Structures are given as structure tokens and as C-alpha cells.
$ cat input14.pdb   # PDB, C-alpha atoms
ATOM      1  CA  MET C   1     113.379 -75.865 -10.663
ATOM      2  CA  HIS C   2     110.755 -78.293 -11.917
ATOM      3  CA  ILE C   3     107.159 -78.437 -10.692
ATOM      4  CA  GLU C   4     107.915 -81.638  -8.769
ATOM      5  CA  GLN C   5     110.844 -79.957  -7.001
ATOM      6  CA  PHE C   6     108.692 -76.946  -6.150
ATOM      7  CA  ARG C   7     105.891 -79.185  -4.873
ATOM      8  CA  ASP C   8     108.212 -81.447  -2.871
ATOM      9  CA  PHE C   9     109.962 -78.477  -1.284
ATOM     10  CA  CYS C  10     106.707 -76.798  -0.260
ATOM     11  CA  ILE C  11     105.010 -79.946   1.016
ATOM     12  CA  SER C  12     108.080 -80.901   3.077
ATOM     13  CA  LYS C  13     107.643 -77.842   5.278
ATOM     14  CA  ASN C  14     105.984 -78.249   8.657
ATOM     15  CA  GLY C  15     102.184 -77.964   8.709
ATOM     16  CA  VAL C  16     101.807 -77.578   4.939
ATOM     17  CA  THR C  17      98.899 -78.896   2.928
ATOM     18  CA  GLU C  18      98.285 -78.675  -0.789
ATOM     19  CA  ASN C  19      94.991 -78.406  -2.603
ATOM     20  CA  LEU C  20      93.203 -77.009  -5.627
ATOM     21  CA  PRO C  21      90.646 -74.626  -4.048
ATOM     22  CA  PHE C  22      90.084 -72.342  -7.038
ATOM     23  CA  ASP C  23      90.065 -74.764  -9.960
ATOM     24  CA  GLU C  24      91.794 -77.958 -11.101
ATOM     25  CA  LEU C  25      94.757 -75.978 -12.493
ATOM     26  CA  THR C  26      95.836 -73.777  -9.563
ATOM     27  CA  LEU C  27      97.966 -75.628  -7.022
ATOM     28  CA  VAL C  28      97.905 -73.926  -3.617
ATOM     29  CA  PHE C  29     100.133 -74.532  -0.599
ATOM     30  CA  LYS C  30      98.988 -73.491   2.855
ATOM     31  CA  VAL C  31     100.606 -73.535   6.267
ATOM     32  CA  MET C  32      97.981 -74.255   8.918
ATOM     33  CA  GLY C  33      95.255 -73.197   6.491
ATOM     34  CA  LYS C  34      96.881 -69.939   5.327
ATOM     35  CA  MET C  35      98.163 -69.627   1.763
ATOM     36  CA  PHE C  36     101.865 -68.974   1.192
ATOM     37  CA  ALA C  37     102.457 -70.216  -2.383
ATOM     38  CA  LEU C  38     100.512 -71.057  -5.507
ATOM     39  CA  ALA C  39     101.249 -72.077  -9.067
ATOM     40  CA  GLY C  40      99.182 -72.318 -12.229
ATOM     41  CA  LEU C  41      99.728 -75.829 -13.576
ATOM     42  CA  ASN C  42      98.566 -74.771 -17.044
ATOM     43  CA  ASP C  43     101.372 -72.205 -17.212
ATOM     44  CA  TRP C  44     103.995 -74.740 -16.102
ATOM     45  CA  GLU C  45     102.936 -77.152 -18.840
ATOM     46  CA  LYS C  46     103.391 -74.344 -21.359
ATOM     47  CA  GLY C  47     106.925 -73.660 -20.052
ATOM     48  CA  ASP C  48     105.979 -70.537 -18.078
ATOM     49  CA  GLN C  49     107.233 -71.582 -14.657
ATOM     50  CA  LYS C  50     105.839 -68.981 -12.327
ATOM     51  CA  ILE C  51     104.720 -69.007  -8.720
ATOM     52  CA  ASN C  52     103.018 -66.469  -6.487
ATOM     53  CA  LEU C  53     104.601 -65.903  -3.085
ATOM     54  CA  LYS C  54     103.689 -63.659  -0.181
ATOM     55  CA  CYS C  55     106.186 -60.920   0.663
ATOM     56  CA  ASP C  56     106.722 -57.911   2.882
ATOM     57  CA  PRO C  57     105.413 -54.862   0.956
ATOM     58  CA  VAL C  58     108.703 -52.922   1.077
ATOM     59  CA  TRP C  59     110.855 -55.901   0.100
ATOM     60  CA  ALA C  60     108.347 -56.833  -2.630
ATOM     61  CA  ILE C  61     108.982 -53.509  -4.365
ATOM     62  CA  GLU C  62     112.754 -53.850  -3.961
ATOM     63  CA  LEU C  63     112.668 -57.341  -5.479
ATOM     64  CA  ARG C  64     110.587 -56.133  -8.438
ATOM     65  CA  GLU C  65     113.086 -53.363  -9.094
ATOM     66  CA  GLU C  66     116.107 -55.661  -8.823
ATOM     67  CA  TYR C  67     114.876 -58.771 -10.661
ATOM     68  CA  GLU C  68     113.296 -58.785 -14.104
ATOM     69  CA  GLY C  69     111.636 -62.119 -13.266
ATOM     70  CA  ILE C  70     109.703 -60.740 -10.266
ATOM     71  CA  ASN C  71     106.478 -58.766 -10.723
ATOM     72  CA  ALA C  72     103.326 -58.007  -8.758
ATOM     73  CA  GLY C  73     101.282 -61.153  -8.113
ATOM     74  CA  TYR C  74      98.722 -61.942 -10.778
ATOM     75  CA  HIS C  75      95.148 -61.884  -9.362
ATOM     76  CA  MET C  76      96.589 -61.203  -5.901
ATOM     77  CA  ASN C  77      97.012 -58.241  -3.568
ATOM     78  CA  LYS C  78      99.790 -56.445  -5.463
ATOM     79  CA  LYS C  79     101.314 -55.048  -2.273
ATOM     80  CA  LEU C  80     101.728 -58.417  -0.565
ATOM     81  CA  TRP C  81     102.266 -60.940  -3.362
ATOM     82  CA  ASN C  82     104.967 -61.355  -5.994
ATOM     83  CA  LYS C  83     104.863 -63.424  -9.146
ATOM     84  CA  VAL C  84     108.248 -65.112  -9.552
ATOM     85  CA  ARG C  85     109.172 -66.483 -12.982
ATOM     86  CA  LEU C  86     111.461 -69.388 -12.161
ATOM     87  CA  ASN C  87     112.650 -69.735 -15.745
ATOM     88  CA  SER C  88     113.782 -66.105 -15.865
ATOM     89  CA  ALA C  89     117.521 -65.685 -16.456
ATOM     90  CA  ASN C  90     118.082 -63.796 -13.202
ATOM     91  CA  ILE C  91     116.085 -66.091 -10.873
ATOM     92  CA  SER C  92     118.292 -68.858  -9.505
ATOM     93  CA  ASP C  93     117.002 -71.912  -7.658
ATOM     94  CA  GLU C  94     118.708 -70.539  -4.536
ATOM     95  CA  LEU C  95     116.766 -67.271  -4.811
ATOM     96  CA  ALA C  96     113.522 -69.155  -5.432
ATOM     97  CA  ILE C  97     114.089 -71.280  -2.320
ATOM     98  CA  LYS C  98     114.890 -68.154  -0.285
ATOM     99  CA  LEU C  99     111.644 -66.509  -1.444
ATOM    100  CA  ILE C 100     109.554 -69.632  -0.778
ATOM    101  CA  ASN C 101     111.035 -69.889   2.717
ATOM    102  CA  TYR C 102     110.396 -66.191   3.316
ATOM    103  CA  SER C 103     106.771 -66.507   2.230
ATOM    104  CA  TYR C 104     106.259 -69.533   4.492
ATOM    105  CA  ASP C 105     107.918 -67.772   7.450
ATOM    106  CA  LEU C 106     105.914 -64.582   6.888
ATOM    107  CA  VAL C 107     102.621 -66.469   6.921
ATOM    108  CA  GLU C 108     103.702 -68.591   9.896
ATOM    109  CA  LYS C 109     104.559 -65.478  11.926
ATOM    110  CA  GLY C 110     101.126 -64.040  11.154
ATOM    111  CA  LEU C 111      99.297 -67.060  12.563
ATOM    112  CA  PRO C 112      97.565 -66.715  15.936
ATOM    113  CA  LYS C 113      99.814 -67.763  18.850
ATOM    114  CA  LYS C 114      97.650 -70.811  19.542
ATOM    115  CA  VAL C 115      98.032 -72.005  15.945
ATOM    116  CA  GLN C 116     101.768 -71.294  16.022
ATOM    117  CA  LYS C 117     102.015 -73.550  19.082
ATOM    118  CA  GLU C 118     100.059 -76.278  17.266
ATOM    119  CA  LEU C 119     102.488 -75.981  14.364
ATOM    120  CA  GLU C 120     105.468 -76.309  16.686
ATOM    121  CA  ASP C 121     103.984 -79.480  18.150
ATOM    122  CA  LEU C 122     103.565 -81.193  14.754
TER     123      LEU C 122
END
$ encode --input "input14.pdb" --output "C-alpha cells"
Amino acid sequence: MHIEQFRDFCISKNGVTENLPFDELTLVFKVMGKMFALAGLNDWEKGDQKINLKCDPVWAIELREEYEGINAGYHMNKKLWNKVRLNSANISDELAIKLINYSYDLVEKGLPKKVQKELEDL
């Protein structure tokens, strides 16, 4: 997966915005103002294609044990965020898409009901 594919996939989801809130090198994707994915552009340019995605704490540990390319999220809450190395041998594009979708869905489900309704109406 290339950075453009990652970006296009994230931005195509309902209610998603992208911005650079931390610095000019950290691309962040939010659904209705809540972060679900981020990527360090500096790392991508160096060939280290990694993204941080939100995850259920129990599944996060299982994923880290099963996949060499998945670790605790760098500079994130280690219980809730995974760092996924997309160029790792055992991380397929299909798995990456599944994890991005899961992160989006997890954040969406945590939104207040009123905001969830707004998202549905978009």
C-alpha cells in the first residue's frame, strides 16, 4: 500500500477529514473530529510505511502476538493504539484495510448518539 492509497482509502470514508494538527509531517485522519488513523510522512519517505490505528485492547494484544509488523502505537496510548508496519512481510493490504476499517468503526461507535446521527445523514 502506498501513501496515496492509504490517504485515498481513509478520506473516502464517511465523515472523515484529514489534517496536520501536530506538525507538518504527521498526517491525521478523523471521523467527526475523533482520530482513527495517523501516519508520519517522514517515515514513509524513508521507506518505513507505518500507521497508527485505534484498536480494542484485547485484540490489540492478540494482533501484536500474531503479527511481527504490529506493535504498540508510538507516542500513543499503548493499550488502545497499534503501530502497523505496512511494509512488513506478514502485513497484507487486505489486513491493513481490515485494521483501518476496524479503527474507523471503533471510533464511530464511540461517538455520541447525536454525532452518530449527523454522520449517518452525511
$ resolve_selection --input "input14.pdb" --expression "the PyMOL selection byres ((chain C and resi 72) around 9)" --output "PDB file with C-alpha atoms, keeping the file's coordinate frame"
ATOM      1  CA  ASN C  52     103.018 -66.469  -6.487  1.00  0.00           C
ATOM      2  CA  ALA C  60     108.347 -56.833  -2.630  1.00  0.00           C
ATOM      3  CA  ILE C  61     108.982 -53.509  -4.365  1.00  0.00           C
ATOM      4  CA  ARG C  64     110.587 -56.133  -8.438  1.00  0.00           C
ATOM      5  CA  ILE C  70     109.703 -60.740 -10.266  1.00  0.00           C
ATOM      6  CA  ASN C  71     106.478 -58.766 -10.723  1.00  0.00           C
ATOM      7  CA  GLY C  73     101.282 -61.153  -8.113  1.00  0.00           C
ATOM      8  CA  TYR C  74      98.722 -61.942 -10.778  1.00  0.00           C
ATOM      9  CA  MET C  76      96.589 -61.203  -5.901  1.00  0.00           C
ATOM     10  CA  ASN C  77      97.012 -58.241  -3.568  1.00  0.00           C
ATOM     11  CA  LYS C  78      99.790 -56.445  -5.463  1.00  0.00           C
ATOM     12  CA  LYS C  79     101.314 -55.048  -2.273  1.00  0.00           C
ATOM     13  CA  LEU C  80     101.728 -58.417  -0.565  1.00  0.00           C
ATOM     14  CA  TRP C  81     102.266 -60.940  -3.362  1.00  0.00           C
ATOM     15  CA  ASN C  82     104.967 -61.355  -5.994  1.00  0.00           C
ATOM     16  CA  LYS C  83     104.863 -63.424  -9.146  1.00  0.00           C
ATOM     17  CA  VAL C  84     108.248 -65.112  -9.552  1.00  0.00           C
TER      18      VAL C  84
END
$ atom_distance --input "input14.pdb" --atom1 "atom CA of C:Tyr102" --atom2 "atom CA of C:Lys114"
21.1 Å
$ residues_around --input "input14.pdb" --residues "C:Ile91" --least-positions-apart "2" --cutoff "12 Å" --atoms "all atoms listed in the file" --output "number ranges by chain"
C: 1, 49-51, 63-64, 66-70, 83-89, 93-99
$ closest_residue --input "input14.pdb" --among "C:Arg7, C:Lys34, C:His2, C:Lys13" --to "C:Pro112" --atoms "all atoms listed in the file"
C:Lys34
$ resolve_selection --input "input14.pdb" --expression "the PyMOL selection byres ((chain C and resi 41) around 8)" --output "VMD selection string"
chain C and resid 25 to 27 39 to 40 42 to 45
$ write_last_selection --input "input14.pdb" --atoms "C-alpha atoms" --output "PDB file, keeping the file's coordinate frame"
ATOM      1  CA  LEU C  25      94.757 -75.978 -12.493  1.00  0.00           C
ATOM      2  CA  THR C  26      95.836 -73.777  -9.563  1.00  0.00           C
ATOM      3  CA  LEU C  27      97.966 -75.628  -7.022  1.00  0.00           C
ATOM      4  CA  ALA C  39     101.249 -72.077  -9.067  1.00  0.00           C
ATOM      5  CA  GLY C  40      99.182 -72.318 -12.229  1.00  0.00           C
ATOM      6  CA  ASN C  42      98.566 -74.771 -17.044  1.00  0.00           C
ATOM      7  CA  ASP C  43     101.372 -72.205 -17.212  1.00  0.00           C
ATOM      8  CA  TRP C  44     103.995 -74.740 -16.102  1.00  0.00           C
ATOM      9  CA  GLU C  45     102.936 -77.152 -18.840  1.00  0.00           C
TER      10      GLU C  45
END
$ closest_residue --input "input14.pdb" --among "C:Glu24, C:Ile100, C:Asn14, C:Ile3" --to "C:Asp121" --atoms "only C-alpha atoms"
C:Asn14
$ atom_distance --input "input14.pdb" --atom1 "atom CA of C:Phe22" --atom2 "atom CA of C:Leu111"
22.3 Å
$ residues_near_point --input "input14.pdb" --point "(98.4, -76.3, 1.8)" --cutoff "6 Å" --atoms "only C-alpha atoms" --output "number ranges by chain"
C: 16-19, 28-31
$ atom_distance --input "input14.pdb" --atom1 "atom CA of C:Asp56" --atom2 "atom CA of C:Val107"
10.3 Å
